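*Asks:* Dropping a structure here in structure tokens format, bear with me for questions.
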Amino acid sequence: MARLHVSSEFPAMLERIDALAGTLESNAAEAEELGRFTGDTAQALLDLGVIRAALPADLGGHEFAPRQMIETIERLSYHDAAAGWTMMAMQHVTGTTAAYLGDVAADDLFSGTANGSYARLAGHGTRPGRAVPVDGGFLVSGSWQFASGMALATHIHSAIQVEGTGELRVLAMPKSQVELVENWDVLGLRATNSIDYHCTDVFVPETHTYVATTTTPANGGAIYRIGLVNMAAIGHTGWALGVGRRLLDELKSVAVAKSGTYNAAVDTAQFHAEYATAEAKLRSARAWVMQEWQGIEDTLAAGEQVSTEQETLIKLTLNHATWTAHEVGRTVHRWAGSAAIRRGPIDRFLRDLGTGSQHVTSGPVVLQNCGKSLSGQKPEAHWEFLDLVPYS
């Protein structure tokens, strides 16, 4: 069984991300107005190689280990929450597509990965379209939402349900085969271009689909054995930690600038206590994330499959990191004064955080299921997507 791959590319990736910080900041306002990144920013994001970091090493990718990817998305999200979200989404659906599709599709989509030429996917996986079986594949129809990064994508990732069997599969198809709906009119994460899209009776070869619940990769190493949903948690967790850290650092800058001025709220004992509390909560959330993922990496490195409890903690640490960052955001909003309401980093990051925290993976139902599992209320259940289901 393939063991865990740890990439030597990781330090250079962080350096490239930090070098892009100024460009991201200077173009952020225009990207929000456009609803997508400006041309130079878009190309720079692709040149970072974050998507390639998620691709299997045997297909020419860097195949980052989980904690490496968490830190990568955390660092990028610290500089720009929308950029972090976009790359988080695209690396996830592109990397898992490369891992779970067989040789025919891998040759079609990822044969040029080592040279920087590979399919870039965007799309949604929680509301399946219809797949009618035909000779060699499926006729696919459906309407999907939240295709983060679609402006940068070449191909589509979507969930489908096979008519007759009810089997859930995931497809990869050219972006040209769907109709895009430019309807991303939201308060936060505006630059992510998370638009809707749809298609009717488009033929997709069976070779370009895989069973959505698989934990057996056709390509790559041990990281892909945790499955599609747990792979998604890696990036979402890094995003929350990066955004929370940036907001708290922005508040620190405000406090330094205002300290000593007339009636400065940041000079009060209450501010000091609340800032310290926010710092403790965010650092604690990050430490717990890294502790649990260290354990999961150890399990994968030993050639073992993650347990139900480990899967539960993947989801719970994500939920905790997300809502801890949200609490940090509330503290920042309360003490930043006018810096929180005027156009600028604090305003933008708060709006992005408010939107990103609504993602289904950090929703209340998942938290309730974590509680059922950990409290022993579902001792014979296992995770299937975001649900606890009995063993068949």
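Here, A, B, ... name the chains of the structure tokens in the order displayed, residue numbers run from 1 inside each chain, and ligands are numbered from 1 in the same displayed order.
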Which residues of region 70-92 of chain A sit at most 10 Å from region 11-24 of chain A, using only C-alpha atoms? Give each one's shortest atom pair and distance in Å (one decimal place), in chain and ascending residue order, as a Markdown table.
*Replies:*
```
| residue | atom | partner | partner_atom | distance |
| --- | --- | --- | --- | --- |
| A:Glu71 | CA | A:Leu14 | CA | 8.4 |
| A:Thr72 | CA | A:Leu14 | CA | 6.5 |
| A:Ile73 | CA | A:Leu14 | CA | 9.6 |
| A:Glu74 | CA | A:Leu14 | CA | 10.0 |
| A:Arg75 | CA | A:Leu14 | CA | 7.1 |
| A:Leu76 | CA | A:Ile17 | CA | 6.0 |
| A:Ser77 | CA | A:Ile17 | CA | 9.7 |
| A:Tyr78 | CA | A:Ala21 | CA | 9.1 |
| A:His79 | CA | A:Ala21 | CA | 5.6 |
| A:Asp80 | CA | A:Leu24 | CA | 6.4 |
| A:Ala81 | CA | A:Leu24 | CA | 9.9 |
| A:Ala82 | CA | A:Leu24 | CA | 9.6 |
| A:Ala83 | CA | A:Leu24 | CA | 7.9 |
```
*Asks:* Grab the residues selected above and save them as a CSV table (one decimal), in the first residue's frame with N, CA and C atoms.
*Replies:*
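Wrote again.csv, looks like this:
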```csv
chain,number,residue,atom,x,y,z
A,71,GLU,N,-1.0,24.4,5.8
A,71,GLU,CA,-0.2,25.6,5.9
A,71,GLU,C,-0.1,26.4,4.6
A,72,THR,N,-0.2,25.8,3.5
A,72,THR,CA,-0.2,26.5,2.2
A,72,THR,C,-1.4,27.3,2.0
A,73,ILE,N,-2.6,26.7,2.3
A,73,ILE,CA,-3.8,27.5,2.2
A,73,ILE,C,-3.9,28.5,3.3
A,74,GLU,N,-3.4,28.2,4.4
A,74,GLU,CA,-3.4,29.2,5.5
A,74,GLU,C,-2.6,30.4,5.1
A,75,ARG,N,-1.4,30.2,4.6
A,75,ARG,CA,-0.6,31.4,4.2
A,75,ARG,C,-1.2,32.2,3.1
A,76,LEU,N,-1.7,31.6,2.1
A,76,LEU,CA,-2.3,32.3,1.0
A,76,LEU,C,-3.6,33.1,1.5
A,77,SER,N,-4.4,32.4,2.3
A,77,SER,CA,-5.6,33.1,2.8
A,77,SER,C,-5.3,34.2,3.7
A,78,TYR,N,-4.1,34.2,4.4
A,78,TYR,CA,-3.7,35.3,5.2
A,78,TYR,C,-3.5,36.5,4.4
A,79,HIS,N,-3.0,36.4,3.2
A,79,HIS,CA,-2.7,37.5,2.3
A,79,HIS,C,-4.0,38.0,1.6
A,80,ASP,N,-4.8,37.0,1.2
A,80,ASP,CA,-6.1,37.3,0.5
A,80,ASP,C,-7.0,36.2,0.7
A,81,ALA,N,-8.1,36.4,1.4
A,81,ALA,CA,-9.1,35.4,1.7
A,81,ALA,C,-9.7,34.8,0.4
A,82,ALA,N,-10.0,35.6,-0.6
A,82,ALA,CA,-10.7,35.2,-1.8
A,82,ALA,C,-9.7,34.3,-2.6
A,83,ALA,N,-8.4,34.7,-2.6
A,83,ALA,CA,-7.4,34.0,-3.4
A,83,ALA,C,-7.2,32.6,-2.7
```
*Asks:* What parts of region 104-297 of chain A does DSSP call helix (DSSP H, G or I)? I'd like the answer as a ChimeraX atom specification.
*Replies:* /A:104-110,113-115,150-152,175-177,190-192,206-208,222-226,228-258,265-267,269-297
*Asks:* How would you write, as JSON, numbers by chain, the set of residues in region 172-392 of chain A that DSSP gives as strand (DSSP E or B)?
*Replies:* {"A": [172, 173, 174, 179, 180, 181, 195, 196, 197, 198, 199, 200, 201, 202, 203, 204, 205, 209, 210, 211, 381, 382, 383, 384, 387, 388, 389, 390]}
*Asks:* Calculate how many Å separate CA of Ala54 (chain A) from CA of Ile223 (chain A), rounding to one decimal.
*Replies:* 9.8 Å
*Asks:* Please report, as a Markdown table, each residue of region 115-159 of chain A lying at most 7 Å from region 184-200 of chain A, together with the nearest pair of atoms and the separation in Å rounded to one decimal; use only C-alpha atoms, and order rows by chain and ascending residue number.
*Replies:*
```
| residue | atom | partner | partner_atom | distance |
| --- | --- | --- | --- | --- |
| A:Val140 | CA | A:Thr200 | CA | 6.3 |
| A:Ser141 | CA | A:Thr200 | CA | 4.2 |
| A:Gly142 | CA | A:His198 | CA | 5.5 |
| A:Ser143 | CA | A:His198 | CA | 4.2 |
| A:Trp144 | CA | A:Tyr197 | CA | 5.5 |
| A:Gln145 | CA | A:Asp196 | CA | 4.2 |
| A:Phe146 | CA | A:Ser194 | CA | 4.5 |
| A:Ala147 | CA | A:Ser194 | CA | 4.5 |
| A:Ser148 | CA | A:Ser194 | CA | 3.8 |
| A:Gly149 | CA | A:Thr192 | CA | 5.5 |
| A:Met150 | CA | A:Asn193 | CA | 6.1 |
| A:Ala151 | CA | A:Asn193 | CA | 6.4 |
```
*Asks:* So that I can check the surroundings of region 293-302 of chain A, please list as a list in words every protein, DNA and RNA residue that reaches within 6 Å of it, counting only C-alpha atoms and ignoring chain neighbours fewer than 5 positions away.
*Replies:*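 Contacts, in chain order: Arg3, Leu4 and Ala222 of chain A.
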*Asks:* For region 227-276 of chain A against region 317-325 of chain A, with a cut-off of 9 Å and counting only C-alpha atoms, what is the closest atom pair and its distance in Å to one decimal for every residue that makes the cut, ordered by chain and number, as CSV?
*Replies:*
```
residue,atom,partner,partner_atom,distance
A:Ala233,CA,A:Leu318,CA,6.4
A:Ile234,CA,A:Leu318,CA,8.1
A:His236,CA,A:Leu318,CA,7.0
A:Thr237,CA,A:Leu318,CA,5.0
A:Gly238,CA,A:Ala321,CA,8.7
A:Trp239,CA,A:Thr322,CA,8.4
A:Ala240,CA,A:Thr322,CA,5.1
A:Leu241,CA,A:Ala321,CA,6.4
A:Gly242,CA,A:Ala325,CA,8.8
A:Val243,CA,A:Ala325,CA,7.1
A:Gly244,CA,A:Ala325,CA,4.5
A:Arg245,CA,A:Ala325,CA,7.9
A:Leu247,CA,A:Ala325,CA,8.7
```
*Asks:* Give me a file of those residues, with N, CA, C and O atoms, as an mmCIF file, in the first residue's frame.
*Replies:*
```
data_model
loop_
_atom_site.group_PDB
_atom_site.id
_atom_site.type_symbol
_atom_site.label_atom_id
_atom_site.label_comp_id
_atom_site.auth_asym_id
_atom_site.auth_seq_id
_atom_site.Cartn_x
_atom_site.Cartn_y
_atom_site.Cartn_z
ATOM 1 N N ALA A 233 -11.686 18.963 3.767
ATOM 2 C CA ALA A 233 -11.489 19.563 5.091
ATOM 3 C C ALA A 233 -10.092 20.139 5.255
ATOM 4 O O ALA A 233 -9.896 21.099 6.009
ATOM 5 N N ILE A 234 -9.124 19.575 4.570
ATOM 6 C CA ILE A 234 -7.749 20.063 4.687
ATOM 7 C C ILE A 234 -7.682 21.543 4.309
ATOM 8 O O ILE A 234 -7.192 22.382 5.060
ATOM 9 N N HIS A 236 -10.205 23.748 3.754
ATOM 10 C CA HIS A 236 -11.120 24.612 4.500
ATOM 11 C C HIS A 236 -10.545 24.968 5.877
ATOM 12 O O HIS A 236 -10.717 26.095 6.359
ATOM 13 N N THR A 237 -9.869 24.008 6.489
ATOM 14 C CA THR A 237 -9.272 24.269 7.795
ATOM 15 C C THR A 237 -8.166 25.312 7.685
ATOM 16 O O THR A 237 -8.091 26.260 8.474
ATOM 17 N N GLY A 238 -7.302 25.155 6.691
ATOM 18 C CA GLY A 238 -6.239 26.131 6.482
ATOM 19 C C GLY A 238 -6.785 27.519 6.199
ATOM 20 O O GLY A 238 -6.238 28.526 6.673
ATOM 21 N N TRP A 239 -7.872 27.570 5.430
ATOM 22 C CA TRP A 239 -8.481 28.866 5.102
ATOM 23 C C TRP A 239 -8.949 29.584 6.367
ATOM 24 O O TRP A 239 -8.658 30.785 6.562
ATOM 25 N N ALA A 240 -9.653 28.892 7.220
ATOM 26 C CA ALA A 240 -10.165 29.513 8.442
ATOM 27 C C ALA A 240 -9.034 30.029 9.322
ATOM 28 O O ALA A 240 -9.098 31.151 9.861
ATOM 29 N N LEU A 241 -7.981 29.239 9.460
ATOM 30 C CA LEU A 241 -6.864 29.657 10.304
ATOM 31 C C LEU A 241 -6.147 30.883 9.729
ATOM 32 O O LEU A 241 -5.750 31.786 10.467
ATOM 33 N N GLY A 242 -5.993 30.915 8.409
ATOM 34 C CA GLY A 242 -5.321 32.047 7.787
ATOM 35 C C GLY A 242 -6.104 33.341 7.908
ATOM 36 O O GLY A 242 -5.538 34.407 8.203
ATOM 37 N N VAL A 243 -7.413 33.264 7.695
ATOM 38 C CA VAL A 243 -8.258 34.454 7.785
ATOM 39 C C VAL A 243 -8.336 34.952 9.224
ATOM 40 O O VAL A 243 -8.250 36.164 9.489
ATOM 41 N N GLY A 244 -8.479 34.036 10.166
ATOM 42 C CA GLY A 244 -8.511 34.434 11.571
ATOM 43 C C GLY A 244 -7.224 35.116 11.995
ATOM 44 O O GLY A 244 -7.238 36.144 12.697
ATOM 45 N N ARG A 245 -6.085 34.565 11.564
ATOM 46 C CA ARG A 245 -4.791 35.159 11.913
ATOM 47 C C ARG A 245 -4.638 36.558 11.332
ATOM 48 O O ARG A 245 -4.157 37.482 12.001
ATOM 49 N N LEU A 247 -6.981 38.737 10.504
ATOM 50 C CA LEU A 247 -7.847 39.695 11.178
ATOM 51 C C LEU A 247 -7.282 40.107 12.530
ATOM 52 O O LEU A 247 -7.304 41.291 12.899
#
```
*Asks:* Counting only C-alpha atoms, figure out which residue out of A:Thr41, A:Val328, A:Thr215, A:Gln368 gets nearest to Ala280 (chain A).
*Replies:*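 Of A:Thr41, A:Val328, A:Thr215, A:Gln368, the one nearest Ala280 (chain A), counting only C-alpha atoms, is A:Val328.
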*Asks:* Interatomic distance between CA of Glu167 (chain A) and CA of Thr214 (chain A)?
*Replies:*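 Computed distance, CA of Glu167 (chain A) to CA of Thr214 (chain A), equals 11.8 Å.
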